[in-house]
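Participant: I'm passing along structure01.cif; it holds mmCIF, C-alpha atoms.
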```cif
data_entry
loop_
_atom_site.group_PDB
_atom_site.id
_atom_site.type_symbol
_atom_site.label_atom_id
_atom_site.label_comp_id
_atom_site.auth_asym_id
_atom_site.auth_seq_id
_atom_site.Cartn_x
_atom_site.Cartn_y
_atom_site.Cartn_z
ATOM 1 C CA MET E 1 102.467 103.238 93.626
ATOM 2 C CA GLU E 2 103.355 99.863 92.155
ATOM 3 C CA GLU E 3 106.206 99.789 89.657
ATOM 4 C CA PRO E 4 104.989 99.048 86.146
ATOM 5 C CA ARG E 5 105.880 95.749 84.542
ATOM 6 C CA LEU E 6 108.430 96.553 81.837
ATOM 7 C CA ASN E 7 109.290 93.139 80.509
ATOM 8 C CA ARG E 8 107.334 89.963 79.849
ATOM 9 C CA ILE E 9 110.171 87.481 80.299
ATOM 10 C CA SER E 10 108.389 85.348 82.904
ATOM 11 C CA ILE E 11 105.222 85.243 80.774
ATOM 12 C CA VAL E 12 107.152 84.175 77.681
ATOM 13 C CA LEU E 13 109.101 81.538 79.613
ATOM 14 C CA ASP E 14 105.808 80.123 80.927
ATOM 15 C CA GLU E 15 104.273 80.142 77.444
ATOM 16 C CA LEU E 16 107.277 78.321 76.000
ATOM 17 C CA LYS E 17 107.611 76.043 79.057
ATOM 18 C CA LEU E 18 111.210 77.126 79.604
ATOM 19 C CA ASP E 19 113.017 77.189 82.931
ATOM 20 C CA GLN E 20 114.733 80.267 84.414
ATOM 21 C CA ILE E 21 117.729 78.125 85.359
ATOM 22 C CA ASP E 22 118.176 76.919 81.781
ATOM 23 C CA LEU E 23 117.877 80.457 80.435
ATOM 24 C CA ALA E 24 120.479 81.635 82.952
ATOM 25 C CA ALA E 25 122.872 78.884 81.876
ATOM 26 C CA ILE E 26 122.453 79.668 78.172
ATOM 27 C CA LEU E 27 122.944 83.421 78.750
ATOM 28 C CA LYS E 28 125.822 82.782 81.187
ATOM 29 C CA VAL E 29 124.212 84.882 83.924
ATOM 30 C CA SER E 30 123.201 83.864 87.426
ATOM 31 C CA LYS E 31 119.819 82.311 88.110
ATOM 32 C CA ASP E 32 119.233 85.196 90.547
ATOM 33 C CA THR E 33 119.697 87.669 87.687
ATOM 34 C CA VAL E 34 117.075 85.910 85.571
ATOM 35 C CA SER E 35 114.790 85.699 88.597
ATOM 36 C CA ARG E 36 115.065 89.472 89.139
ATOM 37 C CA TRP E 37 114.285 90.067 85.448
ATOM 38 C CA CYS E 38 111.257 87.765 85.638
ATOM 39 C CA ARG E 39 109.956 89.591 88.711
ATOM 40 C CA ASN E 40 110.694 92.982 87.076
ATOM 41 C CA VAL E 41 112.903 93.912 90.022
ATOM 42 C CA ASN E 42 115.759 94.639 87.615
ATOM 43 C CA GLN E 43 115.655 95.031 83.856
ATOM 44 C CA PRO E 44 117.922 93.258 81.401
ATOM 45 C CA LYS E 45 120.114 95.156 78.985
ATOM 46 C CA LEU E 46 118.708 95.480 75.500
ATOM 47 C CA SER E 47 121.384 93.070 74.289
ATOM 48 C CA ASP E 48 120.112 90.484 76.802
ATOM 49 C CA ILE E 49 116.531 90.965 75.599
ATOM 50 C CA TYR E 50 117.768 90.513 72.030
ATOM 51 C CA ASN E 51 119.585 87.311 73.004
ATOM 52 C CA ILE E 52 116.538 85.936 74.837
ATOM 53 C CA ALA E 53 114.408 86.574 71.750
ATOM 54 C CA LYS E 54 117.017 84.884 69.568
ATOM 55 C CA ILE E 55 117.302 81.876 71.893
ATOM 56 C CA CYS E 56 113.509 81.498 72.021
ATOM 57 C CA ARG E 57 113.131 82.299 68.305
ATOM 58 C CA ILE E 58 110.474 84.910 68.996
ATOM 59 C CA ASP E 59 109.950 88.512 68.003
ATOM 60 C CA ILE E 60 111.762 90.762 70.469
ATOM 61 C CA THR E 61 108.581 92.797 71.038
ATOM 62 C CA ARG E 62 107.018 89.801 72.819
ATOM 63 C CA LEU E 63 109.499 90.386 75.644
ATOM 64 C CA ILE E 64 108.501 94.023 76.207
ATOM 65 C CA GLU E 65 105.298 95.071 77.933
ATOM 66 C CA PRO E 66 103.148 96.960 75.400
ATOM 67 C CA THR E 67 102.153 100.547 76.097
ATOM 68 C CA ASP E 68 98.965 102.419 75.325
ATOM 69 C CA TRP E 69 100.110 106.010 75.752
ATOM 70 C CA LYS E 70 98.487 107.185 72.542
ATOM 71 C CA ASN E 71 95.086 106.767 74.218
ATOM 72 C CA GLU E 72 95.993 108.799 77.315
ATOM 73 C CA THR E 73 94.436 112.229 77.608
ATOM 74 C CA GLY E 74 96.342 115.450 78.184
ATOM 75 C CA ASN E 75 99.784 116.545 77.140
ATOM 76 C CA SER E 76 102.816 114.334 77.209
ATOM 77 C CA VAL E 77 105.744 115.270 79.422
ATOM 78 C CA LEU E 78 107.598 116.337 76.269
ATOM 79 C CA GLN E 79 104.739 118.607 75.164
ATOM 80 C CA ASP E 80 104.573 120.217 78.621
ATOM 81 C CA TYR E 81 108.346 120.732 78.618
ATOM 82 C CA LEU E 82 108.323 122.354 75.163
ATOM 83 C CA GLU E 83 105.461 124.672 76.150
ATOM 84 C CA MET E 84 107.298 125.725 79.329
ATOM 85 C CA LYS E 85 110.497 126.293 77.345
ATOM 86 C CA LYS E 86 108.624 128.457 74.834
ATOM 87 C CA LEU E 87 106.967 130.439 77.647
ATOM 88 C CA ALA E 88 110.319 130.973 79.397
ATOM 89 C CA LYS E 89 111.871 132.199 76.141
ATOM 90 C CA THR E 90 108.986 134.647 75.624
ATOM 91 C CA GLN E 91 109.322 135.954 79.182
ATOM 92 C CA THR E 92 113.090 136.378 78.757
ATOM 93 C CA LYS E 93 112.553 138.416 75.571
ATOM 94 C CA ARG E 94 110.003 140.633 77.334
ATOM 95 C CA SER E 95 112.347 141.121 80.263
ATOM 96 C CA ASN E 96 115.252 142.032 77.953
ATOM 97 C CA ASN E 97 113.071 144.460 75.968
ATOM 98 C CA SER E 98 111.894 146.081 79.195
ATOM 99 C CA LYS E 99 115.493 146.555 80.375
ATOM 100 C CA ARG E 100 116.485 148.139 77.051
ATOM 101 C CA ARG E 101 113.682 150.705 77.263
ATOM 102 C CA LYS E 102 114.734 151.719 80.784
ATOM 103 C CA SER E 103 118.400 152.201 79.835
ATOM 104 C CA PRO E 104 119.381 155.857 79.154
#
```
Rewrite the structure from the file as structure tokens, please.
Facilitator:
Amino acid sequence: MEEPRLNRISIVLDELKLDQIDLAAILKVSKDTVSRWCRNVNQPKLSDIYNIAKICRIDITRLIEPTDWKNETGNSVLQDYLEMKKLAKTQTKRSNNSKRRKSP
């Protein structure tokens, strides 16, 4: 399965007609680092995303790939986890109650 795109740095740089090399120089990181961010091979720290937004004078959310999870069907991972936790707790109580009844 293909890794999801997490950041939009390359898209924003293209839109603003900015060069990866210039961005690397301003941020004081290597051009390879910026290249990996632009290809979504590695992800920048949040502080780097903040600085890119500040340098470009754009809203920070333009640098993050939007999500559409609210339209997905089924439970979220968190909902499934909480249901399993609740079920495990119920089963533990039943098991403990059963052991108490068997004790003389």
Participant: With a cut-off of 7 Å, could you pull out the residues of stretch 11-75 of chain E touching stretch 3-7 of chain E and give me the nearest pair of atoms for each, distance in Å to one decimal, using all atoms listed in the file, ordered by chain and ascending number, as a Markdown table?
Facilitator:
```
| residue | atom | partner | partner_atom | distance |
| --- | --- | --- | --- | --- |
| E:Asn40 | CA | E:Arg5 | CA | 6.1 |
| E:Leu63 | CA | E:Asn7 | CA | 5.6 |
| E:Ile64 | CA | E:Asn7 | CA | 4.5 |
| E:Glu65 | CA | E:Asn7 | CA | 5.1 |
```
Participant: Dump C-alpha atoms for the selected residues as an mmCIF file, in the coordinates of the input?
Facilitator:
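Saved file again.cif follows:
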```
data_model
loop_
_atom_site.group_PDB
_atom_site.id
_atom_site.type_symbol
_atom_site.label_atom_id
_atom_site.label_comp_id
_atom_site.auth_asym_id
_atom_site.auth_seq_id
_atom_site.Cartn_x
_atom_site.Cartn_y
_atom_site.Cartn_z
ATOM 1 C CA ASN E 40 110.694 92.982 87.076
ATOM 2 C CA LEU E 63 109.499 90.386 75.644
ATOM 3 C CA ILE E 64 108.501 94.023 76.207
ATOM 4 C CA GLU E 65 105.298 95.071 77.933
#
```
Participant: Please determine, counting all atoms listed in the file, which residue among E:Glu83, E:Glu15, E:Ile9, E:Asp68 has the shortest atom-to-atom distance to E:Asn51.
Facilitator: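 Of the candidates, the smallest distance to E:Asn51 is held by E:Ile9.
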Participant: Please report the interatomic distance between atom CA of E:Asn42 and atom CA of E:Arg57 in Å with one decimal.
Facilitator: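 We find that atom CA of E:Asn42 and atom CA of E:Arg57 lie 23.1 Å from each other.
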Participant: Please compute the atom CA of E:Pro66-atom CA of E:Tyr81 distance, one decimal, in Å.
Facilitator: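 A separation of 24.5 Å between them.
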Participant: Record the distance separating atom CA of E:Gln20 and atom CA of E:Ser35, expressed in Å with one decimal.
Facilitator: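 Atom CA of E:Ser35 lies at a distance of 6.9 Å from atom CA of E:Gln20.
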Participant: From the options E:Lys99, E:Val12, E:Ile52, E:Gln43, which residue's atoms come nearest to E:Lys28, counting all atoms listed in the file?
Facilitator: E:Ile52
Participant: Pull the neighbourhood of (115.9, 81.7, 87.1) for me: all residues within 7 Å in file coordinates, counting all atoms listed in the file, as a ChimeraX atom specification.
Facilitator: /E:19-21,24,31-32,34-35
Participant: Considering all atoms listed in the file, can you say which of E:Trp37, E:Leu87, E:Cys56, E:Thr67 comes closest to E:Lys17?
Facilitator: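 So, comparing all the options, the nearest one is E:Cys56.
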Participant: Edge lengths and centre in Å to one decimal, as AutoDock Vina command-line options, of the axis-aligned box that encloses all listed atoms of stretch 51-55 of chain E with 5 Å added on every side?
Facilitator:
```
--center_x 117.0 --center_y 84.6 --center_z 72.2 --size_x 15.2 --size_y 15.4 --size_z 15.3
```
Participant: Select, from E:Ile26, E:Arg8, E:Arg101, E:Ser95, the residue with the minimum atom-to-atom distance to E:Ile55, counting all atoms listed in the file.
Facilitator: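 Counting all atoms listed in the file, the residue closest to E:Ile55 is E:Ile26.
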